[in-house]
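Undergrad: Can you read through this structure? Questions will come right after.
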Amino acid sequence: GQNIDQPTEMTATEGAIVQINCTYQTSGFNGLFWYQQHAGEAPTFLSYNVLDGLEEKGRFSSFLSRSKGYSYLLLKELQMKDSASYLCAVRPRMDSSYKLIFGSGTRLLVRP
Amino acid sequence: IAGITQAPTSQILAAGRRMTLRCTQDMRHNAMYWYRQDLGLGLRLIHYSNTAGTTGKGEVPDGYSVSRANTDDFPLTLASAVPSQTSVYFCASSDGSNTEAFFGQGTRLTVV
């Protein structure tokens, strides 16, 4: 089976740094994705990791450790518009499927 | 504008009725997906398709069917709707195993 865990909610202050963790147990592994979803909107892609290490994209960075089944999304210089849900998703390597399995998401509230 | 389009945007449906949610993409992506999103449960995969002519079951397939007659279209059918199928439904597509999925704007379905 597939199991992806994230904290349900987090709160942070504008201008600060926040780290959102994701742990996973899946049947094989073929990449981990982070998405952002504002209330009432569709998820939008933030980052992709398939090898161990850190991927940086502006204010957002994502880290992966395949041996530990662990990833985090780091958001720097938080802005009010970063208040959203952040979804961790894993693509298991099963029968050449392109399935993408999501965790329940972390709702981030950024306060002034 | 290139992308992925869902219809209808929202729908109220009587229990027991048949309903087809439409999804069309013009990016020539091989893989397509249907998810439902419920509060506290995140995105759950209903069905997916790796390529035209093939489909597969996701995490919560019961009560739903799909078809993939061509690359662009991936309709989701509820044969006999029940209130537990009240949800927001997202269609998505991707171009392979190491690329992100792009999401439609969602269909809000209420079964009464």
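Residues are named by chain letter and number: chains run A, B, ... in the order of the structure tokens, numbers start at 1 in each chain, and ligands are numbered from 1 in the order shown.
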For Gly104 (chain B), find every residue with an atom within 8 Å (counting only C-alpha atoms), except residues of its own chain fewer than 5 positions away, and show them as a PyMOL selection string.

TA: (chain A and resi 42) or (chain B and resi 3-6+23+90-92)

Undergrad: Restrict the selected residues to all heavy atoms and save them as an mmCIF file, in the first residue's frame.

TA:
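That gives us again-v4.cif:
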```cif
data_model
loop_
_atom_site.group_PDB
_atom_site.id
_atom_site.type_symbol
_atom_site.label_atom_id
_atom_site.label_comp_id
_atom_site.auth_asym_id
_atom_site.auth_seq_id
_atom_site.Cartn_x
_atom_site.Cartn_y
_atom_site.Cartn_z
ATOM 1 N N ALA A 42 -7.298 25.090 -8.129
ATOM 2 C CA ALA A 42 -6.635 23.841 -8.485
ATOM 3 C C ALA A 42 -5.214 23.825 -7.923
ATOM 4 O O ALA A 42 -4.602 24.887 -7.730
ATOM 5 C CB ALA A 42 -6.590 23.688 -9.999
ATOM 6 N N GLY B 3 -4.207 23.925 -22.185
ATOM 7 C CA GLY B 3 -4.376 23.482 -20.823
ATOM 8 C C GLY B 3 -5.353 22.343 -20.721
ATOM 9 O O GLY B 3 -5.531 21.565 -21.661
ATOM 10 N N ILE B 4 -5.988 22.255 -19.576
ATOM 11 C CA ILE B 4 -6.899 21.169 -19.287
ATOM 12 C C ILE B 4 -8.222 21.757 -18.819
ATOM 13 O O ILE B 4 -8.244 22.636 -17.954
ATOM 14 C CB ILE B 4 -6.253 20.190 -18.273
ATOM 15 C CG1 ILE B 4 -7.134 18.991 -18.041
ATOM 16 C CG2 ILE B 4 -5.840 20.870 -17.001
ATOM 17 C CD1 ILE B 4 -6.385 17.840 -17.382
ATOM 18 N N THR B 5 -9.300 21.321 -19.409
ATOM 19 C CA THR B 5 -10.615 21.911 -19.185
ATOM 20 C C THR B 5 -11.578 20.871 -18.647
ATOM 21 O O THR B 5 -11.666 19.764 -19.176
ATOM 22 C CB THR B 5 -11.186 22.473 -20.508
ATOM 23 O OG1 THR B 5 -10.261 23.401 -21.056
ATOM 24 C CG2 THR B 5 -12.514 23.159 -20.265
ATOM 25 N N GLN B 6 -12.301 21.249 -17.598
ATOM 26 C CA GLN B 6 -13.313 20.375 -17.021
ATOM 27 C C GLN B 6 -14.690 21.000 -17.180
ATOM 28 O O GLN B 6 -14.842 22.218 -17.149
ATOM 29 C CB GLN B 6 -13.061 20.154 -15.530
ATOM 30 C CG GLN B 6 -11.814 19.360 -15.226
ATOM 31 C CD GLN B 6 -11.646 19.122 -13.744
ATOM 32 O OE1 GLN B 6 -10.607 19.432 -13.167
ATOM 33 N NE2 GLN B 6 -12.669 18.546 -13.103
ATOM 34 N N CYS B 23 -13.526 15.953 -19.232
ATOM 35 C CA CYS B 23 -12.162 16.465 -19.098
ATOM 36 C C CYS B 23 -11.472 16.401 -20.447
ATOM 37 O O CYS B 23 -11.449 15.327 -21.075
ATOM 38 C CB CYS B 23 -11.388 15.647 -18.070
ATOM 39 S SG CYS B 23 -9.668 16.151 -17.905
ATOM 40 N N PHE B 90 -11.161 16.694 -9.540
ATOM 41 C CA PHE B 90 -10.107 17.299 -10.362
ATOM 42 C C PHE B 90 -9.611 16.297 -11.389
ATOM 43 O O PHE B 90 -9.324 15.143 -11.067
ATOM 44 C CB PHE B 90 -8.924 17.733 -9.500
ATOM 45 C CG PHE B 90 -9.165 18.974 -8.685
ATOM 46 C CD1 PHE B 90 -9.464 18.881 -7.334
ATOM 47 C CD2 PHE B 90 -9.075 20.230 -9.279
ATOM 48 C CE1 PHE B 90 -9.682 20.016 -6.582
ATOM 49 C CE2 PHE B 90 -9.295 21.381 -8.530
ATOM 50 C CZ PHE B 90 -9.600 21.275 -7.187
ATOM 51 N N CYS B 91 -9.487 16.769 -12.596
ATOM 52 C CA CYS B 91 -8.847 16.019 -13.663
ATOM 53 C C CYS B 91 -7.437 16.574 -13.832
ATOM 54 O O CYS B 91 -7.207 17.779 -13.629
ATOM 55 C CB CYS B 91 -9.646 16.187 -14.955
ATOM 56 S SG CYS B 91 -8.977 15.302 -16.375
ATOM 57 N N ALA B 92 -6.487 15.721 -14.186
ATOM 58 C CA ALA B 92 -5.109 16.160 -14.372
ATOM 59 C C ALA B 92 -4.479 15.380 -15.512
ATOM 60 O O ALA B 92 -4.979 14.310 -15.901
ATOM 61 C CB ALA B 92 -4.305 15.975 -13.091
#
```

Undergrad: Using only C-alpha atoms, which chain A residues lie at most 8 Å away from chain B, written as a PyMOL selection string?

TA: chain A and resi 30-31+33+41-45+48+91+97-105

Undergrad: Any idea what's packed within 12 Å of Ala16 (chain A), counting only C-alpha atoms, ignoring anything in its chain fewer than 3 positions away? Could you give it as a VMD selection string?

TA: chain A and resid 11 to 13 19 59 74 to 80 82 110 to 112

Undergrad: Quick check for you: according to DSSP on this backbone, which residues of chain B are classed as strand (DSSP E or B)? Reply as a PyMOL selection string.

TA: chain B and resi 4-7+10-13+19-25+31-38+42-49+56-57+64-66+73+76-78+87-94+102-103+107-111
